[in-house]
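Right, one structure below, let's go through it.
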Amino acid sequence: RARRVARARASWRSDEAPDGLITRTAEALVARWRAGGARQAELEPSMASLRPNADADARLCVENVVYEDDVFRKMHCELAWGDGGFEVLHVVMYPWAERAAPLFAADMVSFAGRVSLCIADVAPVTEDLSLSSSYARALAPTFDAARRGLRLRELPDWGREILGPLCVCVGPKVGPEGEREVEQFLNYLFALHDAYVALARAEPISPESTREKTLAAQTRFCDYQLENIKTRRALERAFGVERADRYMRDVLFDVTARTPCAPAP
């Protein structure tokens, strides 16, 4: 079952994170990337592992790992944990913009071992936030199955302008019903991920005009994420304003108009 995935041997310092569902989910996704032949990308050490400043108002630790291949410019997984049993999983997969493929995005938030927020989506790269017919047809059955068993909640403010029609956002309740919701969400998360990766790898190379639109949509995704004040304030309290801003722009949401659209020859 999805929530009983064995803990993978991580290639980053995930062993310092709490040994629970959030970390196991992160490691299961990273194991999928490695199994698919992705290469681990370099991250500046000061940005790969973040620990709070000595005089920080909050105790927050962050671990990052990034993979890449000929289809995905960046496959990023972030684990964060801190005061009060706070844990976060944040994942974004950015295809090279030479392919008009959506982005895979997922977030999970937990307090004291209880998951309180789950989001998974393939974020569109179109102005109207629609998915191409090939993605909509292939992924709709998985989405419909998840929607029948989950009570979807309203998207956070930052998500309304960038997430798409297949987004699942859940706020699991306390107790056995909430545990069932988390398990069903994880089933959707892994099924969506696997189907998405297959579709993205089959996506043809786009003409130059389409690449520019795709890159603009990826930039829009990052720009809206950078406006997530709640995330920014949490990072600032632990790492200071300057380091938090650099981390958000250089690691979390780094697409700009200057980002390459294709891998180097």
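How things are named: the first chain in the structure tokens is A, the next is B, and so on; residues count from 1 in each chain; ligands count from 1 in the order shown.
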
Worksheet item: Using only C-alpha atoms, which residues sit within 9 Å of Gly240 of chain A once same-chain residues fewer than 5 positions away are excluded, as a count of residues only?
Response: 5

Practice prompt. Show which residues sit within 12 Å of Phe143 of chain A, as an MDAnalysis selection string. Count only C-alpha atoms, and ignore same-chain residues fewer than 2 positions away.
Written response: chainID A and resid 120:122 135:141 145:150 152 164:169 184:185 187:193 195

Worksheet item: Which neighbours of Lys230 of chain A fall inside 12 Å, counting only C-alpha atoms, when residues of the same chain fewer than 5 positions from it are skipped, and could you give them as a list in words?
Response: Pro156, Asp157, Trp158, Gln225, Leu235, Glu236 and Arg237 of chain A

Worksheet item: How would you write, as a ChimeraX atom specification, the set of residues in segment 1-192 of chain A that DSSP gives as helix (DSSP H, G or I)?
Response: /A:2-4,13-16,21-35,45-48,83-85,133-149,157-159,176-192

Practice prompt. For atom CA of Lys213 of chain A and atom CA of Ala106 of chain A, determine how far apart the two atoms are, in Å to one decimal place.
Written response: 23.0 Å

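Shortest separation to Gly175 of chain A among A:Arg246, A:Arg114, A:Arg220, A:Arg32 occurs at residue A:Arg114, atoms counted being only C-alpha atoms.
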
Worksheet item: For Thr210 of chain A, which residue among A:Ala262, A:Ala100, A:Ile22, A:Met47 is the nearest when counting only C-alpha atoms?
Response: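 Of A:Ala262, A:Ala100, A:Ile22, A:Met47, the one nearest Thr210 of chain A, counting only C-alpha atoms, is A:Ala100.
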
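Separating atom CA of Lys74 of chain A from atom CA of Asp19 of chain A is a distance of 25.6 Å.
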
Discussion item. Which residue is closest to Ala58 of chain A? Choose from A:Pro124, A:Phe239, A:Gly171, A:Met108 and count only C-alpha atoms.
Written reply: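 Closest to Ala58 of chain A, using only C-alpha atoms: A:Phe239.
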
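Atom CA of Asn228 of chain A lies 16.1 Å from atom CA of Arg243 of chain A.
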
As a PDB file with N, CA and C atoms, in the first residue's frame, please: the residues near Asp69 of chain A (cut-off 8 Å, only C-alpha atoms, same-chain neighbours under 4 positions excluded).
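Dumped to selection-v8.pdb:
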ATOM      1  N   GLY A  37      16.785   6.544 -14.595  1.00  0.00           N
ATOM      2  CA  GLY A  37      18.042   6.925 -15.218  1.00  0.00           C
ATOM      3  C   GLY A  37      18.439   8.381 -15.048  1.00  0.00           C
ATOM      4  N   ALA A  38      17.720   9.135 -14.224  1.00  0.00           N
ATOM      5  CA  ALA A  38      18.076  10.539 -14.015  1.00  0.00           C
ATOM      6  C   ALA A  38      19.397  10.658 -13.272  1.00  0.00           C
ATOM      7  N   ARG A  39      20.105  11.736 -13.537  1.00  0.00           N
ATOM      8  CA  ARG A  39      21.396  12.003 -12.914  1.00  0.00           C
ATOM      9  C   ARG A  39      21.228  13.020 -11.799  1.00  0.00           C
ATOM     10  N   ARG A  73      14.634  19.264 -17.002  1.00  0.00           N
ATOM     11  CA  ARG A  73      15.738  20.159 -16.621  1.00  0.00           C
ATOM     12  C   ARG A  73      16.024  20.060 -15.130  1.00  0.00           C
ATOM     13  N   LYS A  74      14.955  19.881 -14.353  1.00  0.00           N
ATOM     14  CA  LYS A  74      15.118  19.883 -12.901  1.00  0.00           C
ATOM     15  C   LYS A  74      14.010  19.057 -12.262  1.00  0.00           C
TER      16      LYS A  74
END

Practice prompt. Enumerate the residues of segment 47-134 of chain A with a DSSP assignment of strand (DSSP E), computed from the backbone, and present them as a PyMOL selection string.
Written response: chain A and resi 49-50+60-68+72-82+86-95+103-111+114-123
